[in-house]
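Structure file target11.txt (compact mmCIF, C-alpha atoms) is printed below.
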# COMPACT_ATOMS: atom_id res chain seq x y z
CA MET A 1 0.00 0.00 0.00
CA SER A 2 1.36 3.46 -0.90
CA GLU A 3 2.00 6.01 1.84
CA GLN A 4 -0.80 8.26 0.61
CA ASN A 5 -3.34 5.44 0.67
CA GLN A 6 -2.22 4.35 4.11
CA ASN A 7 -2.50 7.91 5.44
CA ARG A 8 -6.03 8.20 4.03
CA GLU A 9 -6.96 4.91 5.67
CA VAL A 10 -5.59 6.14 9.00
CA LEU A 11 -7.55 9.39 8.72
CA ASP A 12 -10.73 7.51 7.82
CA ALA A 13 -10.19 5.26 10.84
CA ALA A 14 -9.69 8.28 13.12
CA MET A 15 -12.85 9.86 11.70
CA MET A 16 -14.87 6.70 12.28
CA ALA A 17 -13.56 6.37 15.85
CA GLY A 18 -14.58 9.97 16.55
CA HIS A 19 -17.98 9.39 14.95
CA ILE A 20 -18.67 6.35 17.16
CA LEU A 21 -17.56 8.14 20.31
CA LEU A 22 -19.55 11.32 19.66
CA GLU A 23 -22.65 9.45 18.51
CA ASN A 24 -22.71 7.37 21.68
CA GLY A 25 -22.31 10.10 24.28
CA ALA A 26 -18.56 10.67 24.71
CA GLU A 27 -17.19 14.04 25.79
CA ILE A 28 -15.71 16.41 23.21
CA PHE A 29 -12.17 16.23 24.64
CA ARG A 30 -12.28 12.42 24.52
CA VAL A 31 -13.24 12.46 20.84
CA GLU A 32 -10.47 14.94 19.92
CA GLU A 33 -7.86 13.13 22.01
CA THR A 34 -8.67 9.71 20.51
CA MET A 35 -8.57 11.00 16.93
CA ASP A 36 -5.28 12.80 17.56
CA ARG A 37 -3.77 9.72 19.23
CA ILE A 38 -4.64 7.48 16.28
CA CYS A 39 -3.20 9.91 13.72
CA ARG A 40 0.03 10.58 15.62
CA HIS A 41 0.68 6.90 16.24
CA TYR A 42 0.67 6.23 12.50
CA GLY A 43 2.88 9.24 11.75
CA ILE A 44 0.35 11.87 10.64
CA GLU A 45 1.39 15.04 12.45
CA SER A 46 -0.65 17.49 10.38
CA CYS A 47 -4.14 16.25 11.35
CA SER A 48 -6.45 18.82 12.92
CA SER A 49 -9.97 18.06 14.16
CA PHE A 50 -12.73 20.42 15.24
CA VAL A 51 -15.49 18.61 17.13
CA LEU A 52 -18.95 19.93 17.97
CA SER A 53 -21.78 18.13 19.71
CA ASN A 54 -23.27 17.06 16.37
CA GLY A 55 -20.44 17.22 13.87
CA ILE A 56 -16.75 16.55 13.20
CA PHE A 57 -14.47 18.57 10.89
CA THR A 58 -11.13 16.96 10.08
CA THR A 59 -8.31 18.27 7.89
CA ALA A 60 -4.78 17.05 7.25
CA GLY A 61 -1.93 17.61 4.83
CA ASN A 62 1.03 19.82 4.15
CA LYS A 63 3.50 20.38 1.32
CA ARG A 64 4.70 16.79 1.54
CA GLU A 65 1.30 15.12 2.13
CA GLU A 66 -1.92 14.83 0.18
CA ILE A 67 -4.60 17.25 1.36
CA PHE A 68 -7.40 15.55 3.29
CA ALA A 69 -10.65 17.17 4.45
CA LYS A 70 -13.81 15.56 5.71
CA VAL A 71 -16.98 16.68 7.49
CA GLN A 72 -19.51 14.42 9.15
CA HIS A 73 -22.85 15.40 10.64
CA ILE A 74 -23.76 13.37 13.72
CA PRO A 75 -27.29 13.87 15.08
CA VAL A 76 -27.70 14.24 18.84
CA SER A 77 -28.80 10.79 19.96
CA GLY A 78 -28.74 8.41 22.91
CA THR A 79 -25.89 7.10 25.02
CA HIS A 80 -24.21 3.71 24.58
CA LEU A 81 -21.27 3.65 26.94
CA ASP A 82 -20.28 0.09 25.98
CA ARG A 83 -19.29 1.35 22.52
CA VAL A 84 -17.41 4.28 24.04
CA ALA A 85 -15.50 1.88 26.29
CA ALA A 86 -14.75 -0.39 23.31
CA VAL A 87 -13.27 2.49 21.26
CA ASN A 88 -11.19 3.59 24.27
CA GLN A 89 -9.81 0.07 24.62
CA LEU A 90 -9.07 -0.04 20.89
CA SER A 91 -7.12 3.23 21.11
CA ARG A 92 -4.96 1.68 23.83
CA GLU A 93 -4.29 -1.33 21.61
CA ILE A 94 -3.34 1.01 18.75
CA VAL A 95 -0.77 2.78 20.92
CA THR A 96 0.90 -0.54 21.76
CA GLY A 97 1.58 -0.95 18.04
CA SER A 98 -0.18 -4.27 17.63
CA LEU A 99 -2.71 -3.21 14.94
CA THR A 100 -2.47 -2.11 11.32
CA PRO A 101 -4.81 0.59 9.93
CA ALA A 102 -6.84 -2.09 8.11
CA GLU A 103 -7.28 -4.04 11.35
CA VAL A 104 -8.34 -0.84 13.13
CA MET A 105 -11.03 -0.20 10.51
CA GLU A 106 -12.26 -3.77 10.85
CA LYS A 107 -12.49 -3.50 14.64
CA LEU A 108 -14.28 -0.14 14.40
CA GLU A 109 -16.87 -1.69 12.08
CA GLN A 110 -17.42 -4.42 14.68
CA ILE A 111 -17.83 -1.84 17.44
CA LYS A 112 -20.27 0.13 15.29
CA GLN A 113 -22.40 -3.00 14.91
CA MET A 114 -22.40 -3.85 18.62
CA PRO A 115 -25.99 -4.60 19.64
CA GLY A 116 -27.65 -2.52 22.31
CA LYS A 117 -29.62 -3.88 25.22
CA SER A 118 -32.74 -5.83 24.34
CA LYS A 119 -36.13 -4.16 24.65
CA LYS A 120 -37.11 -6.47 27.52
CA MET A 121 -33.92 -5.58 29.39
CA GLN A 122 -34.49 -1.84 28.88
CA ILE A 123 -38.07 -2.07 30.14
CA LEU A 124 -37.07 -4.13 33.18
CA ALA A 125 -34.18 -1.78 33.96
CA SER A 126 -36.56 1.18 33.78
CA GLY A 127 -38.88 -0.44 36.30
CA VAL A 128 -36.08 -1.35 38.69
CA GLY A 129 -34.49 2.08 38.37
CA SER A 130 -37.81 3.83 39.01
CA ALA A 131 -38.45 1.75 42.12
CA CYS A 132 -34.94 2.35 43.48
CA PHE A 133 -35.06 6.11 42.90
CA CYS A 134 -38.50 6.30 44.48
CA TYR A 135 -37.23 4.54 47.60
CA LEU A 136 -34.04 6.62 47.60
CA PHE A 137 -35.97 9.90 47.55
CA GLY A 138 -38.07 8.91 50.58
CA GLY A 139 -40.85 6.62 49.37
CA ASN A 140 -41.77 3.39 51.13
CA LEU A 141 -41.96 -0.11 49.67
CA LYS A 142 -45.52 0.38 48.43
CA ASP A 143 -44.48 3.55 46.64
CA ALA A 144 -41.50 1.72 45.13
CA ALA A 145 -43.78 -1.07 43.88
CA ALA A 146 -46.06 1.50 42.24
CA ALA A 147 -43.05 3.26 40.70
CA PHE A 148 -41.82 -0.08 39.33
CA CYS A 149 -45.13 -0.64 37.53
CA SER A 150 -45.15 2.90 36.23
CA GLY A 151 -41.52 2.70 35.09
CA VAL A 152 -42.16 -0.53 33.19
CA LEU A 153 -45.17 0.94 31.38
CA LEU A 154 -43.28 4.17 30.70
CA TYR A 155 -40.41 2.46 28.93
CA GLY A 156 -42.82 0.25 27.03
CA TYR A 157 -44.21 3.53 25.68
CA VAL A 158 -40.68 4.81 24.94
CA VAL A 159 -39.50 1.67 23.15
CA PHE A 160 -42.59 0.78 21.15
CA LEU A 161 -44.27 4.13 20.48
CA ALA A 162 -42.18 7.21 21.26
CA GLY A 163 -38.89 6.03 19.77
CA PRO A 164 -40.15 4.80 16.38
CA TYR A 165 -43.00 7.22 15.74
CA LEU A 166 -42.80 10.45 17.77
CA SER A 167 -40.49 13.45 17.77
CA LYS A 168 -38.27 14.02 20.78
CA LEU A 169 -40.34 16.91 22.12
CA VAL A 170 -43.69 15.16 21.80
CA ALA A 171 -42.25 11.91 23.19
CA ASN A 172 -41.00 13.59 26.37
CA ILE A 173 -44.20 15.56 26.90
CA GLY A 174 -46.16 12.34 26.48
CA GLY A 175 -43.79 10.47 28.79
CA GLY A 176 -44.17 13.02 31.57
CA ALA A 177 -47.96 13.01 31.17
CA LEU A 178 -48.11 9.20 31.10
CA VAL A 179 -46.04 8.81 34.26
CA THR A 180 -48.16 11.35 36.12
CA ALA A 181 -51.42 9.75 35.00
CA LEU A 182 -50.25 6.22 35.88
CA CYS A 183 -48.94 7.23 39.30
CA THR A 184 -52.12 9.14 40.06
CA LEU A 185 -54.22 6.11 39.11
CA LEU A 186 -52.10 3.81 41.30
CA TYR A 187 -52.33 6.33 44.14
CA MET A 188 -56.13 6.39 43.85
CA LEU A 189 -56.13 2.59 43.92
CA ARG A 190 -54.07 2.72 47.15
CA VAL A 191 -51.15 0.89 45.58
CA GLY A 192 -48.85 3.69 46.73
CA GLU A 193 -49.04 6.19 49.58
CA HIS A 194 -46.95 9.18 48.46
CA LEU A 195 -47.80 10.50 45.02
CA ASN A 196 -44.84 12.89 44.82
CA TYR A 197 -42.22 10.18 45.44
CA MET A 198 -43.93 7.83 43.00
CA ILE A 199 -43.86 10.43 40.21
CA ILE A 200 -40.27 11.52 40.90
CA GLY A 201 -38.99 7.95 40.86
CA SER A 202 -40.93 6.99 37.74
CA ILE A 203 -39.74 10.01 35.75
CA MET A 204 -36.04 9.29 36.30
CA PRO A 205 -35.63 6.97 33.24
CA LEU A 206 -36.50 9.94 31.02
CA ILE A 207 -33.89 12.26 32.54
CA PRO A 208 -30.81 12.77 30.28
CA GLY A 209 -28.32 12.64 33.12
CA VAL A 210 -25.27 11.65 31.05
CA ALA A 211 -25.93 14.36 28.45
CA PHE A 212 -26.36 17.02 31.17
CA THR A 213 -23.15 15.94 32.93
CA ASN A 214 -21.18 15.89 29.67
CA ALA A 215 -22.48 19.36 28.85
CA ILE A 216 -21.07 20.69 32.12
CA ARG A 217 -17.75 18.94 31.49
CA ASP A 218 -17.53 20.31 27.95
CA ILE A 219 -18.18 23.86 29.18
CA ALA A 220 -15.61 23.40 31.95
CA ASP A 221 -13.07 22.22 29.34
CA GLY A 222 -13.66 25.32 27.22
CA ASP A 223 -15.82 23.67 24.54
CA TYR A 224 -18.52 26.30 24.94
CA ILE A 225 -20.41 25.73 21.68
CA ALA A 226 -20.67 21.96 22.07
CA GLY A 227 -21.42 22.22 25.78
CA SER A 228 -24.12 24.82 25.21
CA VAL A 229 -25.82 22.69 22.54
CA ARG A 230 -25.84 19.65 24.80
CA MET A 231 -27.03 21.72 27.74
CA LEU A 232 -29.84 23.21 25.66
CA ASP A 233 -30.87 19.74 24.49
CA ALA A 234 -30.96 18.43 28.08
CA LEU A 235 -32.85 21.47 29.38
CA LEU A 236 -35.37 21.12 26.57
CA VAL A 237 -36.01 17.53 27.66
CA PHE A 238 -36.48 18.70 31.27
CA PHE A 239 -38.92 21.36 30.12
CA CYS A 240 -40.94 18.89 28.04
CA ILE A 241 -41.18 16.40 30.92
CA ALA A 242 -42.29 19.19 33.26
CA MET A 243 -44.86 20.29 30.69
CA GLY A 244 -46.33 16.78 30.55
CA VAL A 245 -46.51 16.54 34.34
CA GLY A 246 -48.05 20.00 34.62
CA LEU A 247 -50.61 19.19 31.93
CA VAL A 248 -51.95 16.18 33.85
CA PHE A 249 -51.89 18.03 37.17
CA GLY A 250 -53.80 20.90 35.58
CA LEU A 251 -56.47 18.54 34.27
CA LEU A 252 -56.71 16.79 37.65
CA HIS A 253 -57.10 20.10 39.45
CA ARG A 254 -59.78 21.15 36.99
CA PHE A 255 -61.87 17.99 37.36
CA THR A 256 -61.26 17.14 41.04
CA GLY A 257 -60.91 20.62 42.50
CA GLY A 258 -57.45 19.80 43.84
CA VAL A 259 -58.60 17.00 46.15
CA LEU A 260 -55.78 14.67 45.08
CA LEU A 261 -53.15 17.37 45.16
Translate this file's structure into structure tokens.
Amino acid sequence: MSEQNQNREVLDAAMMAGHILLENGAEIFRVEETMDRICRHYGIESCSSFVLSNGIFTTAGNKREEIFAKVQHIPVSGTHLDRVAAVNQLSREIVTGSLTPAEVMEKLEQIKQMPGKSKKMQILASGVGSACFCYLFGGNLKDAAAAFCSGVLLYGYVVFLAGPYLSKLVANIGGGALVTALCTLLYMLRVGEHLNYMIIGSIMPLIPGVAFTNAIRDIADGDYIAGSVRMLDALLVFFCIAMGVGLVFGLLHRFTGGVLL
């Protein structure tokens, strides 16, 4: 393989590694550091990458090298930390010198195709997480049981309806409204005793905690544009959830006169 072709393959591999990291919830500095580490290990000193929360701009080349420029748009999406961990491990293997650029590309394709958690596992995890958060915030065992049921039904809605068919804004408004309605119904049926703890625990699976934390880290690292975009996205989700909860509470107050609240 000629040097120019090998350099292009290295740059494509660095771009794909950055794409996988950014798409799956990695911080901006981690994406830039990984791409730079891959390029420098294979002898490309002229590579420069500019990473935003939803895009990567990469250029390379000087008088002795072929000019390379590439832009990729990466929509803001969910978090898959297993893929982030796999790319981090691959970058360590690259530094040890045990992989060729072709082998790196092959491993990145395998990481890209890594399956996520099954729908049943996600729904069960949502129920368990809702119950645990409810108990952690001060609810009793009955409240936790009600939150478990609500969390299971909530993520059934997320997986089978909101994800495939609804926009992000509508999905989160509907999720907040669904949780509030379900918890209120369970409270009226005496399944739980503290409506506030039941709702708080059940809503937690919708909260974009990783995205919010990464936004703060990006801003702290000086990546103000990327951090602000992620922060705005997280705050928009919070606002939509609150809107759904407030909508149901408003309807309940209208029809019950505030007896339940």
*From the set A:Glu23, A:Glu9, A:Ala125, A:Gln72, which residue has the shortest atom-to-atom contact distance to Met204 in chain A, counting all atoms listed in the file?*
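Counting all atoms listed in the file, the residue closest to Met204 in chain A is A:Ala125.
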Counting only C-alpha atoms, which residues of range 108-171 of chain A fall within 9 Å of range 227-241 of chain A, and what is the closest atom pair for each with its distance in Å at one decimal, ordered by chain and rising number, as a Markdown table?
| residue | atom | partner | partner_atom | distance |
| --- | --- | --- | --- | --- |
| A:Lys168 | CA | A:Val237 | CA | 8.0 |
| A:Leu169 | CA | A:Cys240 | CA | 6.3 |
| A:Val170 | CA | A:Cys240 | CA | 7.8 |
| A:Ala171 | CA | A:Cys240 | CA | 8.6 |
*Name the closest residue to Val245 in chain A among the candidates A:Gly176, A:Gly18, A:Gly209, A:Gly151; distances are taken between atoms, counting only C-alpha atoms.*
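Residue with the minimum atom-to-atom distance to Val245 in chain A: A:Gly176.
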*Within 12 Å of (-4.6, 8.7, 18.2), in the coordinates the file gives, what residues turn up when you count only C-alpha atoms, written out as a PyMOL selection string?*
chain A and resi 10-11+13-15+17-18+30-45+47-49+87-97+101+104
*asked:* So that I can check the surroundings of range 116-118 of chain A, please list as an MDAnalysis selection string every protein, DNA and RNA residue that reaches within 12 Å of it, counting all atoms listed in the file and ignoring chain neighbours fewer than 6 positions away.
replied: chainID A and resid 24 78:83 124:125 159
*Tell me, in Å to one decimal, how far CA of Tyr187 in chain A is from CA of Lys119 in chain A.*
27.4 Å
_Point-to-point distance from CA of Gly127 in chain A to CA of Ala181 in chain A, Å rounded to tenths_ =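 Straight-line distance from CA of Gly127 in chain A to CA of Ala181 in chain A works out to 16.2 Å.
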*Which residue, A:Val84, A:Leu52, A:Gln4, A:Gly156, has the smallest gap to Leu21 in chain A when you use all atoms listed in the file?*
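Closest to Leu21 in chain A of all the choices is A:Val84.
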*In Å, how far is it from CA of Val158 in chain A to CA of Pro208 in chain A?*
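Spanning CA of Val158 in chain A to CA of Pro208 in chain A is a straight-line distance of 13.8 Å.
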_Counting only C-alpha atoms, the option among A:Ala26, A:Leu161, A:Leu186, A:Met114 closest to Thr213 in chain A_ = A:Ala26
*Best match for closeness to Ile28 in chain A among A:Ser202, A:Thr256, A:Asn214, A:Thr184, counting all atoms listed in the file*: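 Using all atoms listed in the file, Ile28 in chain A sits closest to A:Asn214.
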*Quick one: residues within 12 Å of (-44.4, 4.8, 26.3) (file frame), counting all atoms listed in the file, please, as JSON, numbers by chain.*
{"A": [123, 126, 150, 151, 152, 153, 154, 155, 156, 157, 158, 159, 160, 161, 162, 163, 164, 165, 166, 170, 171, 172, 173, 174, 175, 176, 177, 178, 179, 182, 203, 205, 206]}
*asked:* Restricting the calculation to only C-alpha atoms: of A:Val128, A:Ile225, A:Val191, A:Ile56, which residue gets closest to Ala69 in chain A?
replied: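 Nearest candidate to Ala69 in chain A out of A:Val128, A:Ile225, A:Val191, A:Ile56: A:Ile56.
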_I'd like the contact shell of Ile67 in chain A - 10 Å cut-off, only C-alpha atoms, skipping same-chain residues fewer than 6 positions apart - returned as a ChimeraX atom specification._
/A:4,8,46,59-61
_Just want the 7 Å neighbourhood of range 247-250 of chain A, counted on only C-alpha atoms, with same-chain residues fewer than 3 positions away dropped. Output as a list in words._
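Within the cut-off, the hits are Ala177, Thr180, Ala181, Met243, Gly244, His253 and Arg254 of chain A.
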